[in-house]
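Asks: Below is the structure I would like to discuss, written out as structure tokens.
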Amino acid sequence: MAEPAVFQGVSSPSPARRWLRRTAAVLAGVPLVAGLLGGVAVAPAQAAPEARAGAGPVDVSLTTLAPAAPVEGQTLTITGTVVNRGKQAVSDAEVALRVGPALYGRTGIDEADRRTDFHPSFDGLPLDDSFSVELPKLAPGVSRDFSLRVPVDELNLTSHGVYQLGVTLSGRTARTSFDQVLGIERTFLPWQPEALEKEKKTRITYLWPLVSSSHLTSQTSPGDQQTPVFADESLAREIAPDGRLGQMVSLGRELPVTWVIDPDLLSSVAAMTEGYRVRDEDGEGTVAGKNQLVAKAWLSDLQKAVEGGKVVALPFADPDLASLAHQGKNVSGSLKQLQQATSVASATVETILHVEPSTDFAWPVEGAIDPSIVAVATSAGADKVITRSDSLQDNLNYTTSAARPIGGGTTAVVSDSRLSKAFQGDMLSTGTSTLAVQEFLAQTLAVTLQNTDRQRSLVVAPQRMPTASQAQSMASALVALGAQRWTEPSNLVAAAAAKPDPSANTRVPSAGRYPDRLRKQELPVQAFQDIRETQDALNKFSVILTQKDRVETPFGRAIDRELSTSWRGRPVRAEEYRTGVRENLSVLTEQVRLIKKSAITLSGRSATIPITVQNRLMQDVDGLVLRLSSDNAGRLSLDGDEGVAGRPIEIQAGHSQSVKFDAKANANGQVRMRAQLMTADNKPYGPEMQFTVKVSEITPTVMLVIAGGVLLLVLAGVRMYTQRKRAAAQEQAAGPENGAEHAESAERAGDTASAEESGQDGGGGAASATAGDRDDSADGSPDGKPRPSGGVNGTDPGQPSDPTPDTGPENGTPSGTGEKVDR
């Protein structure tokens with residue numbers, strides 16, 4: 001027994017009223033039917049408004065339709081809402097379900113989707129009144145919910161195919177005295193109650209993209225230069241259980257999909273699992289990240305989800321192939337960046353997810369291609385290009401399989417445009433999502449029924465970064481296909497290897513057919529020039545490092561991110577990111593530098609010039625040469641090599657090293673010196689340092705004066721030595737008695753001679769004679785008179801064995817020069 005429609009607090013209309021409404025609906029359809037058949041029947045005047053009611057003043061929306069693809073014996077449940085958008089109240093309102101005729105293929109679905117006006121011949125007659133629901137009076141702005149429950153057997157579905165369902169609201173307003181359709185919402189119902197034979201089912205490959213924008217910066221924590229720094233915590237919000245990527249993983253785990261993954265996303269989340277930092281709000285400092293557990297949980301869930309499935313790895317950071325082809329291919333090094341991004345993709349995915357991915361697929365933006373894009377895409381090793389049927393179009397009345405050869409050993413994997421764009425836009429509304437799911441299912445069934453003796457392989461490539469609501473809608477559609485009545489799941493590798501249709505178009509569209517909308521979003525040529533400069537600076541920096549991977553890896557991947565497809569539509573943010581990478585690299589390179597030197601003065605014909613090199617990095621540097629040059633080698637030369645000298649240097653982490661250069665002065669004056677660090681391949685490293693050397697040369701005349709003074713000092717020393725030696729000999733000859741006196745006299749004589757000669761320029765004046773000629777008298781007496789023979793002052797001479805007296809006898813006469821006085 002049929003279940004009646006349900007509406008809260010409202011009973012079904014009376015039988016008489018139902019008859020009147022059905023009669024009015026039939027009469028409303030007479031003009032259009034007659035026109036289609038070529039007749040001349042004329043409809044009553046009052047039927048005209050319903051014949052072309054259009055969208056009407058009442059908005060009808062569907063919330064749910066279940067099951068999405070029913071079979072015999074099931075009950076179809078439709079819920080929704082009606083809202084009076086007009087300015088007049090609606091009375092005698094009734095919600096009814098209408099079943100239109102089976103649609104003819106995919107074209108019929110497209111036409112029905114574009115239709116806005118109400119036509120009974122297309123939209124069909126309402127079902128029996130027992131499946132309608134009567135609503136209270138609808139004042140302007142008032143909304144009412146409704147629910148319809150109809151057994152599938154009552155829908156009068158005659159054969160396999162796609163049927164249009166219409167939910168209408170009929171009623172009266174103050175301006176009309178009869179019932180008319182005031183609002184309608186259409187959707188599609190695929191009807192295939194029995195499963196087809198396996199060889200007639202359509203194979204569906206659904207790509208499930210895990211792609212995000214760039215979150216990880218090139219900046220590192222100052223402490224160890226290894227802790228990653230994120231721009232913000234937006235990635236943590238994406239991978240949270242209720243976030244976009246969190247939903248993608250949890251939903252995809254239960255679906256037959258092909259995972260298409262950007263390795264940069266995996267690398268960034270893996271960096272979050274350990275200690276990481278996030279820029280603070282003002283962008284000047286960083287704070288500790290707090291979402292390590294979220295990152296670990298997401299990676300763990302993803303590892304379980306992809307286990308046993310097919311994974312395709314995009315080049316690292318998902319580079320923009322179209323921008324490379326149209327703007328960057330003429331900038332040297334750009335294609336090499338793509339090759340580097342491709343080379344690290346497989347290792348990144350395999351290391352983190354423990355699965356071996358396929359890396360021979362390229363995916364241009366929205367599948368739009370031209371010859372230059374295909375050439376760039378395949379330059380890094382990919383031999384399969386994922387395109388879309390609205391780019392590589394066929395002029396056929398049926399849908400072909402996805403794979404087709406396009407020359408040069410390259411296979412174009414053509415995704416279906418309608419199916420790929422089915423879930424774009426806002427899917428937050430359950431009604432919008434329901435309509436999208438029903439159309440997706442209808443399109444897949446229409447493809448299957450096009451030619452049942454030929455099995456097709458379809459690929460669905462949705463938007464790169466689906467929202468959480470879009471992901472949920474896609475999952476709902478795939479779950480509805482789970483019964484596999486007219487489709488069966490496949491993967492991208494199998495779809496690319498499927499036998500191509502010989503009638504399919506294999507000519508790549510020309511560059512002129514590339515969409516202007518997409519071309520305007522491409523990275524400019526200047527972006528690729530900036531990327532090249534940053535890469536050159538990194539290459540120059542890395543050659544001096546002893547632990548290259550500590551710098552090459554983070555900055556190399558940051559440069560890959562500068563090419564990301566995610567920058568489309570965000571040119572300012574893209575430029576800011578490129579500038580940030582360049583500035584962060586410059587900060588590191590400046591940690592190895594020359595210490596500024598002030599002007600110096602060089603006296604003499606030769607000297608040493610020190611230059612100090614500082615290394616403030618957390619690792620040793622090697623492979624540097626410090627080159628010092630003179631602008632005037634004739635005045636000041638270095639190492640005798642025409643004013644140029646070089647020294648290889650190695651500096652430990654956190655240390656400075658002073659390098660000394662031998663210089664030779666040839667003339668007076670100022671000379672400008674230039675100090676430059678050079679890499680091992682003879683390329684300048686860092687800025688050149690200049691300083692001035694003032695040369696003060698020593699002339700031959702000055703050298704002669706200095707030599708004469710030195711000679712006088714030598715002669716004076718020789719004379720002193722001779723005098724002391726003579727005094728010592730005289731003392732020994734005089735005997736022990738006078739030994740002490742002679743020694744003291746000799747000492748006084750030497751001291752006097754030294755003192756007086758040091759005050760003169762070497763002449764033999766009176767002081768010299770007093771000190772040096774004293775021993776030349778007859779008996780050595782102070783006054784030059786003969787001293788009596790024998791002892792002192794006429795005493796008996798002593799014997800050699802006699803002790804030497806401490807002092808001589810006192811003398812009342814004044815002491816002579818050099819004498820020792822006993823007081």
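Within each chain, counting starts at residue 1; across the structure tokens, chains are named A, B, ... in the order shown, with ligands numbered 1 upward in that order.
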Within 7 Å of A:Leu97, counting only C-alpha atoms, which residues qualify if same-chain residues fewer than 4 places away don't, as an NGL selection string?
Replies: :A and (126-127 or 132 or 166-168)
Asks: Find the nearest atom pair between each residue of stretch 191-296 of chain A and stretch 407-426 of chain A for residues within 10 Å, count only C-alpha atoms, give distances in Å to one decimal, sort rows by chain and ascending number, and present the table as CSV.
Replies:
```
residue,atom,partner,partner_atom,distance
A:Thr205,CA,A:Ser415,CA,9.1
A:Tyr206,CA,A:Ser420,CA,8.9
A:Leu207,CA,A:Ser420,CA,9.4
```
Asks: I need the residues from that last selection saved to file as a short mmCIF file (atom, residue, chain, number, x, y, z; two decimals), in the first residue's frame (with C-alpha atoms), if you can.
Replies:
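The resulting file, out.cif, is shown below:
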```cif
data_model
loop_
_atom_site.label_atom_id
_atom_site.label_comp_id
_atom_site.auth_asym_id
_atom_site.auth_seq_id
_atom_site.Cartn_x
_atom_site.Cartn_y
_atom_site.Cartn_z
CA THR A 205 38.68 6.34 -12.16
CA TYR A 206 38.21 9.07 -9.57
CA LEU A 207 41.23 11.18 -8.64
#
```
Asks: Residues near stretch 384-386 of chain A, anyone? I mean within 10 Å using only C-alpha atoms, not counting same-chain ones fewer than 5 positions away, as an MDAnalysis selection string.
Replies: chainID A and resid 359:369 373:374 377:378 402:406 409:415 459 461 492:493 496
Asks: With distances taken over only C-alpha atoms, which of A:Gly717, A:Gly569, A:Pro489, A:Gly580 is nearest to A:Lys520?
Replies: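 The answer is A:Gly569, which sits nearest to A:Lys520.
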Asks: Using only C-alpha atoms, find the one residue out of A:Ala89, A:Trp208, A:Ala599, A:Thr158 that sits nearest to A:Gln470.
Replies: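 Comparing A:Ala89, A:Trp208, A:Ala599, A:Thr158 against A:Gln470, the winner is A:Trp208.
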Asks: Write out as a PyMOL selection string each polymer residue whose atoms come within 12 Å of A:Leu293, counting only C-alpha atoms; drop sequence neighbours fewer than 2 positions from it.
Replies: chain A and resi 236+239-241+269-275+289-291+295-300
Asks: Select from stretch 286-518 of chain A everything DSSP, run on the backbone, classes as strand (DSSP E or B), then give the selection as an MDAnalysis selection string.
Replies: chainID A and resid 286:288 310:313 319 358 361:362 384:388 403:405 411:415 457:460 487:489
Asks: A:Gln472: which residues within 12 Å, counting only C-alpha atoms, same-chain residues fewer than 5 positions away excluded, as a VMD selection string?
Replies: chain A and resid 208 242 to 252 255 423 426 to 430 433 to 434 436 to 437 466 to 467 477 to 479
Asks: Using C-alpha atoms, can you write the selected residues to a file as a short mmCIF file (atom, residue, chain, number, x, y, z; two decimals), in the first residue's frame?
Replies:
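Written output follows (again-v5.cif):
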```cif
data_model
loop_
_atom_site.label_atom_id
_atom_site.label_comp_id
_atom_site.auth_asym_id
_atom_site.auth_seq_id
_atom_site.Cartn_x
_atom_site.Cartn_y
_atom_site.Cartn_z
CA TRP A 208 41.40 12.10 -4.97
CA ASP A 242 36.95 18.45 10.62
CA GLY A 243 39.28 20.31 8.26
CA ARG A 244 39.44 20.04 4.50
CA LEU A 245 42.36 17.62 4.32
CA GLY A 246 41.22 15.78 7.41
CA GLN A 247 37.90 15.08 5.67
CA MET A 248 39.63 14.10 2.44
CA VAL A 249 41.61 11.40 4.22
CA SER A 250 38.78 10.05 6.36
CA LEU A 251 36.35 9.94 3.41
CA GLY A 252 38.84 8.65 0.85
CA LEU A 255 36.38 4.93 -1.37
CA PHE A 423 31.10 19.38 -7.54
CA ASP A 426 29.44 25.98 -2.85
CA MET A 427 28.35 22.60 -1.57
CA LEU A 428 27.57 23.77 1.95
CA SER A 429 23.86 23.64 1.16
CA THR A 430 22.53 20.11 1.34
CA SER A 433 24.95 18.86 -2.87
CA THR A 434 21.93 16.63 -3.49
CA ALA A 436 25.08 17.66 -7.81
CA VAL A 437 25.11 14.04 -6.70
CA PRO A 466 38.22 20.60 -2.79
CA THR A 467 36.56 22.11 0.26
CA ALA A 477 28.29 10.21 -5.26
CA LEU A 478 30.92 7.48 -5.11
CA VAL A 479 29.06 5.71 -2.33
#
```
